[in-house]
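Inspection log for the structure reproduced underneath, given as structure tokens.
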Amino acid sequence: MSLISAYNEIITLFFIMLIGFAVIKYKIVTDTFRSDLSNFLFYVSIPCTMIRSMNQEFSQDKLHDVLIMVGMSAAFLVFGYALRWFGLKLLGETDVRRKTVYEFTFVITNYGFMGWPVCYALFGDDGMFYSAIFAIPINIVFYILGGLIFSKINGDKETMSWRILLTPPNIATLIGILLFLFSVKIPGIFSGVIDLMSATTTPLAMAVAGMMLAAFSLKKVFTNPKAFVFAGLRLLALPLLFFVLLKILGFGGLVLAIPVIIAAMPTPPNLTILTEQYKADSYLAAQLIFITTLVSVLTIPAIAAVVGSGL
């Protein structure tokens, strides 16, 4: 995909986000509709897209890229966690309930509702295939690191059940990996259904992101200047530094593009679930979700342009 085509594709996605914003703001649909649509994406649309994208012929080259992508994901987590130290120093946050929110969101991105659809829109089935693989370590760390970081607020030792990892996207990823490893093709009629469901993922996900933004009070959300400093670090500094590191190491193609694009995604909406569970600052989490998602309208095309020039 050319740089201009990629830029146009991303702008198209954010116009869909604007439509989602408008239908909530002008009460064309209710917030209950947004919640139901999110569930449809999580339980049906995104899993179908993953299975479709990973239902490919097995090859040693692709398996090699898969293993590299897992390593890239682990490297990104280490890189982001290391950068958080500098970020926290720059922000100068001392309140532990707020500090833990910033600390966690230096590492975890909205790879699900934005990362996967953007990669799918830009790079097709291969983009979804590799982004699903890249997300596996991040998804595991989301719960493990989330418990470790947020449990510091109350001085508790967090325990985790493996059952929380059994989400529909994770199960679909496992099914997709098995289909890929054994080169199993889905029968025609089922393949057709999965193809049609997959086609709904990108537009619905971006519409849901827009609906989420409409739920926030604009007057209250812009009262924290540190959130904008964080957005600059998280949406520009981290992906650009990661891009430079990967270029120095000699990576290119989708093995370079997918990790950097996922790194450029905003704060995930499910951060609020963790902050409420562990009694962290839920309002700060909501601010970061809104501001990073809003700012990403400008930063994602910029990062995509940098990635496009480096492929």
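Going by the structure tokens order, chains are called A, B, ..., each with residues numbered from 1, while ligands are numbered from 1 in the order shown.
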Counting only C-alpha atoms, which residues in range 255-289 of chain A sit no more than 6 Å from range 91-115 of chain A? For each one, give the nearest pair of atoms and the distance in Å, sorted by chain then residue number, as CSV.
residue,atom,partner,partner_atom,distance
A:Ile262,CA,A:Gly115,CA,5.3
A:Met265,CA,A:Thr109,CA,5.5
A:Pro266,CA,A:Asn110,CA,5.5
A:Thr267,CA,A:Thr109,CA,5.2
A:Pro268,CA,A:Asn110,CA,4.0
A:Ala280,CA,A:Arg97,CA,4.6
A:Asp281,CA,A:Arg97,CA,5.4
Exercise for review: Please identify all polymer residues within 7 Å of Thr292 in chain A, counting only C-alpha atoms, omitting same-chain residues fewer than 3 positions from it, and present them as a count of residues only.
Suggested key: 7
Review point. CA of Leu256 in chain A and CA of Ile303 in chain A are how many Å apart?
Key: 12.2 Å
**Study point:** Near-Val221 in chain A list (12 Å; only C-alpha atoms; drop same-chain fewer than 2 positions) as number ranges by chain
**Key:** A: 213-219, 223-228, 283-292, 294
Check your understanding: Can you tell me how far CA of Ile24 in chain A sits from CA of Arg234 in chain A, in Å to one decimal?
Key -> 27.6 Å
Exercise for review: Have a look at CA of Ala305 in chain A and CA of Val244 in chain A and let me know their distance in Å, one decimal.
Suggested key: 13.9 Å
Review point. Closest to Pro169 in chain A among A:Trp116, A:Phe142, A:Phe86, A:Phe58, using only C-alpha atoms?
Key: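 Nearest candidate to Pro169 in chain A out of A:Trp116, A:Phe142, A:Phe86, A:Phe58: A:Trp116.
When only C-alpha atoms are used to compute distances to Phe134 in chain A, the closest of the residues A:Leu122, A:Leu204, A:Leu271, A:Leu254 turns out to be A:Leu254.
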Practice item. Write out as a PyMOL selection string the residues lying within 12 Å of Val29 in chain A, counting only C-alpha atoms and excluding same-chain residues fewer than 4 positions away. Key: chain A and resi 19-25+33-37+207-208+211+214
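Considering only C-alpha atoms, the residue among A:Ser45, A:Thr299, A:Thr167, A:Ser183 positioned nearest to Ala199 in chain A is A:Ser45.
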Practice item. Pick out the residues sitting within 10 Å of Ile11 in chain A, and hand them over as JSON, numbers by chain; count only C-alpha atoms, and ignore anything fewer than 3 positions along from it in its own chain. Key: {"A": [5, 6, 7, 8, 14, 15, 16, 17, 297, 298, 300, 301]}
Point to revise | Residues of range 99-226 of chain A in helix (DSSP H, G or I), written as a ChimeraX atom specification | key: /A:99-105,111-153,162-165,168-181,188-198,201-214,218-221,225-226
Keeping only C-alpha atoms, write those residues as a short mmCIF file (atom, residue, chain, number, x, y, z; two decimals), in the first residue's frame.
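Okay, selection_19.cif is ready:
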data_model
loop_
_atom_site.label_atom_id
_atom_site.label_comp_id
_atom_site.auth_asym_id
_atom_site.auth_seq_id
_atom_site.Cartn_x
_atom_site.Cartn_y
_atom_site.Cartn_z
CA LYS A 99 0.85 7.21 39.28
CA THR A 100 -0.22 3.59 38.81
CA VAL A 101 -2.60 4.60 36.01
CA TYR A 102 0.17 6.39 34.09
CA GLU A 103 2.60 3.54 34.78
CA PHE A 104 0.30 0.89 33.35
CA THR A 105 -0.71 2.83 30.25
CA TYR A 111 -4.66 -3.10 20.21
CA GLY A 112 -8.15 -4.64 20.11
CA PHE A 113 -10.76 -2.07 19.15
CA MET A 114 -8.35 0.15 17.20
CA GLY A 115 -5.05 -1.65 16.55
CA TRP A 116 -6.46 -4.72 14.84
CA PRO A 117 -8.98 -2.83 12.65
CA VAL A 118 -6.35 -0.26 11.59
CA CYS A 119 -3.81 -2.98 10.71
CA TYR A 120 -6.52 -4.90 8.85
CA ALA A 121 -7.54 -1.79 6.91
CA LEU A 122 -3.94 -0.91 6.02
CA PHE A 123 -2.45 -4.33 5.33
CA GLY A 124 -5.35 -6.74 4.80
CA ASP A 125 -5.35 -10.33 6.06
CA ASP A 126 -1.60 -10.36 6.72
CA GLY A 127 -1.95 -7.21 8.81
CA MET A 128 -4.63 -8.84 10.96
CA PHE A 129 -2.68 -12.11 11.13
CA TYR A 130 0.51 -10.54 12.46
CA SER A 131 -1.25 -8.01 14.71
CA ALA A 132 -3.18 -10.87 16.37
CA ILE A 133 0.10 -12.70 17.01
CA PHE A 134 1.74 -9.50 18.29
CA ALA A 135 -1.11 -8.99 20.76
CA ILE A 136 -0.77 -12.38 22.47
CA PRO A 137 2.01 -11.39 24.95
CA ILE A 138 0.42 -7.95 25.46
CA ASN A 139 -2.93 -9.51 26.30
CA ILE A 140 -1.37 -11.83 28.88
CA VAL A 141 0.66 -9.01 30.40
CA PHE A 142 -2.47 -6.82 30.56
CA TYR A 143 -3.84 -8.99 33.36
CA ILE A 144 -0.58 -10.02 35.02
CA LEU A 145 1.05 -6.58 35.01
CA GLY A 146 -2.28 -4.92 35.75
CA GLY A 147 -2.64 -6.94 38.91
CA LEU A 148 0.96 -6.37 39.97
CA ILE A 149 0.91 -2.60 39.38
CA PHE A 150 -2.55 -1.75 40.70
CA SER A 151 -2.37 -4.05 43.73
CA LYS A 152 0.39 -1.74 45.05
CA ILE A 153 -2.32 0.80 45.90
CA TRP A 162 -6.00 -18.33 33.96
CA ARG A 163 -9.72 -18.28 33.08
CA ILE A 164 -9.64 -14.52 32.50
CA LEU A 165 -7.44 -15.18 29.47
CA PRO A 168 -13.36 -14.84 22.49
CA PRO A 169 -10.47 -13.05 20.66
CA ASN A 170 -7.91 -15.21 22.47
CA ILE A 171 -9.81 -18.40 21.67
CA ALA A 172 -10.16 -17.27 18.04
CA THR A 173 -6.41 -16.60 17.91
CA LEU A 174 -5.71 -20.12 19.18
CA ILE A 175 -8.09 -21.60 16.59
CA GLY A 176 -6.44 -19.48 13.89
CA ILE A 177 -2.95 -20.64 14.88
CA LEU A 178 -4.08 -24.29 14.69
CA LEU A 179 -5.69 -23.70 11.27
CA PHE A 180 -2.44 -22.10 10.08
CA LEU A 181 -0.10 -24.75 11.50
CA GLY A 188 -17.13 -22.87 1.79
CA ILE A 189 -20.43 -21.94 3.46
CA PHE A 190 -18.80 -21.30 6.85
CA SER A 191 -16.00 -19.39 5.16
CA GLY A 192 -18.60 -17.15 3.51
CA VAL A 193 -20.26 -16.37 6.84
CA ILE A 194 -16.91 -15.60 8.47
CA ASP A 195 -15.93 -13.36 5.53
CA LEU A 196 -19.14 -11.32 5.85
CA MET A 197 -18.77 -10.99 9.62
CA SER A 198 -15.13 -9.96 9.19
CA THR A 201 -15.12 -5.33 12.17
CA THR A 202 -13.27 -2.21 11.04
CA PRO A 203 -16.25 0.15 10.54
CA LEU A 204 -18.04 -1.00 13.69
CA ALA A 205 -14.89 -0.78 15.83
CA MET A 206 -14.17 2.77 14.73
CA ALA A 207 -17.81 3.76 15.22
CA VAL A 208 -17.70 2.36 18.77
CA ALA A 209 -14.52 4.37 19.45
CA GLY A 210 -16.35 7.53 18.37
CA MET A 211 -19.36 6.65 20.53
CA MET A 212 -17.04 6.22 23.51
CA LEU A 213 -15.62 9.72 23.02
CA ALA A 214 -19.13 11.20 22.99
CA LEU A 218 -15.49 18.01 27.11
CA LYS A 219 -15.32 20.72 29.79
CA LYS A 220 -14.01 18.36 32.46
CA VAL A 221 -11.75 16.20 30.33
CA PRO A 225 -2.36 19.21 31.31
CA LYS A 226 -0.29 16.18 32.36
#
Exercise for review: Kindly indicate which residue among A:Thr275, A:Ser282, A:Asp61, A:Leu236 lies nearest to Val306 in chain A, using only C-alpha atoms for the distances.
Suggested key: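 Answer, going by the shortest atom-to-atom distance: A:Leu236.
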Review point. Counting only C-alpha atoms, what is within 10 Å of Leu90 in chain A, bar same-chain residues fewer than 4 positions away, as a list in words?
Key: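 Using only C-alpha atoms, the neighbours found are Arg84, Trp85, Phe86, Lys226, Val229, Phe230 and Leu233 of chain A.
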Point to revise | Shortest interatomic distance to Ala75 in chain A - which of A:Ala263, A:Ser53, A:Gly308, A:Thr272, counting only C-alpha atoms | key: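 Ranked by minimum distance to Ala75 in chain A, first place goes to A:Ala263.
Proximity to Leu77 in chain A was assessed for A:Met54, A:Leu238, A:Ile10, A:Ile261 counting only C-alpha atoms; the smallest distance is recorded for A:Leu238.
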